[in-house]
Every structure is written in C-alpha cells, then in structure tokens.
Amino acid sequence: MKLLLICAGGMSTSMLIKKLEKYAVENGIEDFVCEAHGVAEFPELYKDWDLTLYGPQISNRADSLRQTCGEDYPLGKIEPADYAIGNATNIFKQVNKLLNK
C-alpha cells in the first residue's frame, strides 16, 4: 500500500508517518509505503500512489485536489482530532474505507 500524505509544506505530516509505519508493522500490513509532501507537489505525485490523505489545515484546497485527481481516485481529509494526536488506528480505518477493504 502506497499512501501519500499532503499538507501545507510536508513537514507537520512527516511526524504522522512514524506513527503510521509503527501501526503497519504492529498489525502485519506488508509493503506499506508512506511519504509526506506539500500540496504544491500533489499534481505531479498522486498518480504514483494508491491513495492520498490530506491534512485538515489544507481543507480549503479540497476542491482543487479533487479536480486534479478526478472522482475515481481515493482522496480524503484526515480528521483534525486524528491528525492532531496521530491516531493511526482511525487513519487506517479511513484508508481501508477509501480503498473499499
């Protein structure tokens, strides 16, 4: 699974990656790859990823992100509370829902 995380600059979301990677290892999720990038990079990157989650701080860009990737691409906003504390359990539930698992 290749998960792209998008935020304003790619820095704050980087901290979340460690929690997601730890969760993946502890729960036997194989081949998990996750990177954080700034929103400006999204148009060049998203096609190489299975899905994208974006941070709540760029919710105002949701329509633009959706226009870029189209309706069929799995794209979702990380809930503010889950983002703030790095709730990997809830974030993986969201990932599975977006991927219809």
# chains A, B, ... in the order shown; residues from 1 in each chain; ligands from 1
call {"tool": "residues_around", "arguments": {"residues": "range 40-53 of chain A", "least_positions_apart": "2", "cutoff": "6 Å", "atoms": "only C-alpha atoms", "output": "MDAnalysis selection string"}}
result
chainID A and resid 2:5 38 74:77
call {"tool": "write_last_selection", "arguments": {"atoms": "N, CA and C atoms", "output": "compact mmCIF listing (two decimals), in the first residue's frame"}}
result
# COMPACT_ATOMS: atom_id res chain seq x y z
N LYS A 2 0.59 2.13 -0.92
CA LYS A 2 1.34 3.37 -1.02
C LYS A 2 0.42 4.53 -0.67
N LEU A 3 0.69 5.16 0.48
CA LEU A 3 -0.13 6.25 1.00
C LEU A 3 0.64 7.57 0.90
N LEU A 4 0.06 8.51 0.19
CA LEU A 4 0.63 9.85 0.07
C LEU A 4 -0.10 10.76 1.04
N LEU A 5 0.67 11.46 1.89
CA LEU A 5 0.11 12.44 2.80
C LEU A 5 0.47 13.83 2.29
N GLY A 38 4.29 18.55 0.28
CA GLY A 38 3.49 19.77 0.25
C GLY A 38 2.44 19.70 -0.83
N PRO A 74 -8.88 7.63 -4.85
CA PRO A 74 -9.16 7.66 -3.42
C PRO A 74 -8.43 8.82 -2.73
N LEU A 75 -9.21 9.80 -2.30
CA LEU A 75 -8.69 11.03 -1.67
C LEU A 75 -9.55 11.35 -0.47
N GLY A 76 -8.92 11.68 0.65
CA GLY A 76 -9.69 12.02 1.83
C GLY A 76 -8.95 12.94 2.77
N LYS A 77 -9.73 13.62 3.60
CA LYS A 77 -9.17 14.52 4.61
C LYS A 77 -9.00 13.77 5.92
call {"tool": "select_by_dssp", "arguments": {"residues": "chain A", "states": "alpha helix (DSSP H)", "output": "PyMOL selection string"}}
result
chain A and resi 12-26+42-45+62-69+80-85+88-98
call {"tool": "closest_residue", "arguments": {"among": "A:Ile29, A:Leu65, A:Leu98, A:Ala36", "to": "Leu16 in chain A", "atoms": "only C-alpha atoms"}}
result
A:Ala36
call {"tool": "residues_around", "arguments": {"residues": "range 54-57 of chain A", "least_positions_apart": "2", "cutoff": "6 Å", "atoms": "only C-alpha atoms", "output": "PyMOL selection string"}}
result
chain A and resi 5-7+59+77-78+80
call {"tool": "select_by_dssp", "arguments": {"residues": "chain A", "states": "strand (DSSP E)", "output": "MDAnalysis selection string"}}
result
chainID A and resid 2:7 33:38 51:54 75:77
call {"tool": "write_last_selection", "arguments": {"atoms": "all heavy atoms", "output": "short mmCIF file (atom, residue, chain, number, x, y, z; two decimals), in the first residue's frame"}}
result
data_model
loop_
_atom_site.label_atom_id
_atom_site.label_comp_id
_atom_site.auth_asym_id
_atom_site.auth_seq_id
_atom_site.Cartn_x
_atom_site.Cartn_y
_atom_site.Cartn_z
N LYS A 2 0.59 2.13 -0.92
CA LYS A 2 1.34 3.37 -1.02
C LYS A 2 0.42 4.53 -0.67
O LYS A 2 -0.51 4.84 -1.41
CB LYS A 2 1.89 3.54 -2.43
CG LYS A 2 2.98 2.54 -2.78
CD LYS A 2 3.47 2.72 -4.19
CE LYS A 2 4.20 4.04 -4.31
NZ LYS A 2 4.75 4.28 -5.65
N LEU A 3 0.69 5.16 0.48
CA LEU A 3 -0.13 6.25 1.00
C LEU A 3 0.64 7.57 0.90
O LEU A 3 1.72 7.70 1.45
CB LEU A 3 -0.52 5.97 2.45
CG LEU A 3 -1.19 7.09 3.23
CD1 LEU A 3 -2.49 7.53 2.58
CD2 LEU A 3 -1.41 6.66 4.67
N LEU A 4 0.06 8.51 0.19
CA LEU A 4 0.63 9.85 0.07
C LEU A 4 -0.10 10.76 1.04
O LEU A 4 -1.33 10.82 1.05
CB LEU A 4 0.45 10.36 -1.37
CG LEU A 4 0.92 11.78 -1.67
CD1 LEU A 4 2.42 11.94 -1.44
CD2 LEU A 4 0.56 12.15 -3.11
N LEU A 5 0.67 11.46 1.89
CA LEU A 5 0.11 12.44 2.80
C LEU A 5 0.47 13.83 2.29
O LEU A 5 1.62 14.09 1.94
CB LEU A 5 0.66 12.26 4.21
CG LEU A 5 0.38 10.91 4.89
CD1 LEU A 5 1.06 10.86 6.25
CD2 LEU A 5 -1.10 10.67 5.03
N ILE A 6 -0.52 14.71 2.26
CA ILE A 6 -0.32 16.06 1.75
C ILE A 6 -0.68 17.07 2.84
O ILE A 6 -1.72 16.94 3.49
CB ILE A 6 -1.21 16.31 0.50
CG1 ILE A 6 -0.83 15.37 -0.63
CG2 ILE A 6 -1.16 17.75 0.05
CD1 ILE A 6 0.53 15.61 -1.23
N CYS A 7 0.17 18.05 3.01
CA CYS A 7 -0.14 19.16 3.92
C CYS A 7 0.41 20.44 3.31
O CYS A 7 0.83 20.45 2.15
CB CYS A 7 0.40 18.90 5.32
SG CYS A 7 2.19 18.92 5.47
N VAL A 33 4.08 1.85 2.32
CA VAL A 33 4.97 2.97 2.00
C VAL A 33 4.18 4.24 2.20
O VAL A 33 3.03 4.36 1.74
CB VAL A 33 5.47 2.89 0.54
CG1 VAL A 33 6.34 4.08 0.20
CG2 VAL A 33 6.20 1.59 0.29
N CYS A 34 4.78 5.19 2.88
CA CYS A 34 4.09 6.45 3.16
C CYS A 34 5.09 7.59 3.07
O CYS A 34 6.20 7.49 3.58
CB CYS A 34 3.47 6.38 4.56
SG CYS A 34 2.46 7.79 4.99
N GLU A 35 4.68 8.65 2.38
CA GLU A 35 5.51 9.86 2.28
C GLU A 35 4.63 11.08 2.48
O GLU A 35 3.44 11.05 2.15
CB GLU A 35 6.19 9.95 0.91
CG GLU A 35 7.30 8.98 0.69
CD GLU A 35 8.01 9.18 -0.64
OE1 GLU A 35 7.78 10.22 -1.31
OE2 GLU A 35 8.76 8.28 -1.03
N ALA A 36 5.24 12.14 2.97
CA ALA A 36 4.55 13.42 3.14
C ALA A 36 5.16 14.44 2.19
O ALA A 36 6.38 14.51 2.04
CB ALA A 36 4.68 13.89 4.58
N HIS A 37 4.27 15.19 1.54
CA HIS A 37 4.71 16.23 0.62
C HIS A 37 3.80 17.43 0.75
O HIS A 37 2.67 17.33 1.22
CB HIS A 37 4.68 15.72 -0.83
CG HIS A 37 5.70 14.68 -1.11
ND1 HIS A 37 6.99 14.98 -1.47
CD2 HIS A 37 5.64 13.32 -1.06
CE1 HIS A 37 7.67 13.86 -1.65
NE2 HIS A 37 6.87 12.84 -1.39
N GLY A 38 4.29 18.55 0.28
CA GLY A 38 3.49 19.77 0.25
C GLY A 38 2.44 19.70 -0.83
O GLY A 38 2.59 18.99 -1.83
N LEU A 51 -3.45 5.94 -2.80
CA LEU A 51 -4.41 6.91 -2.28
C LEU A 51 -3.69 8.07 -1.64
O LEU A 51 -2.49 7.99 -1.36
CB LEU A 51 -5.36 6.27 -1.27
CG LEU A 51 -4.82 5.98 0.12
CD1 LEU A 51 -5.95 5.97 1.13
CD2 LEU A 51 -4.09 4.65 0.14
N THR A 52 -4.44 9.14 -1.39
CA THR A 52 -3.88 10.33 -0.76
C THR A 52 -4.81 10.79 0.35
O THR A 52 -6.02 10.84 0.18
CB THR A 52 -3.72 11.48 -1.78
OG1 THR A 52 -2.82 11.08 -2.81
CG2 THR A 52 -3.19 12.74 -1.11
N LEU A 53 -4.21 11.12 1.48
CA LEU A 53 -4.91 11.80 2.56
C LEU A 53 -4.26 13.16 2.74
O LEU A 53 -3.04 13.29 2.65
CB LEU A 53 -4.80 11.00 3.87
CG LEU A 53 -5.48 9.64 3.91
CD1 LEU A 53 -5.23 8.97 5.26
CD2 LEU A 53 -6.97 9.75 3.65
N TYR A 54 -5.09 14.15 3.00
CA TYR A 54 -4.54 15.49 3.21
C TYR A 54 -4.88 15.98 4.62
O TYR A 54 -5.88 15.59 5.22
CB TYR A 54 -5.03 16.47 2.15
CG TYR A 54 -6.51 16.63 2.01
CD1 TYR A 54 -7.19 17.61 2.75
CD2 TYR A 54 -7.25 15.83 1.15
CE1 TYR A 54 -8.56 17.77 2.61
CE2 TYR A 54 -8.61 15.98 1.02
CZ TYR A 54 -9.27 16.95 1.75
OH TYR A 54 -10.62 17.10 1.62
N LEU A 75 -9.21 9.80 -2.30
CA LEU A 75 -8.69 11.03 -1.67
C LEU A 75 -9.55 11.35 -0.47
O LEU A 75 -10.78 11.29 -0.55
CB LEU A 75 -8.76 12.17 -2.69
CG LEU A 75 -8.44 13.58 -2.20
CD1 LEU A 75 -6.94 13.71 -1.94
CD2 LEU A 75 -8.90 14.62 -3.24
N GLY A 76 -8.92 11.68 0.65
CA GLY A 76 -9.69 12.02 1.83
C GLY A 76 -8.95 12.94 2.77
O GLY A 76 -7.72 13.04 2.73
N LYS A 77 -9.73 13.62 3.60
CA LYS A 77 -9.17 14.52 4.61
C LYS A 77 -9.00 13.77 5.92
O LYS A 77 -9.90 13.05 6.36
CB LYS A 77 -10.10 15.72 4.82
CG LYS A 77 -9.60 16.68 5.89
CD LYS A 77 -10.61 17.78 6.16
CE LYS A 77 -11.49 17.35 7.30
NZ LYS A 77 -12.38 18.39 7.79
#
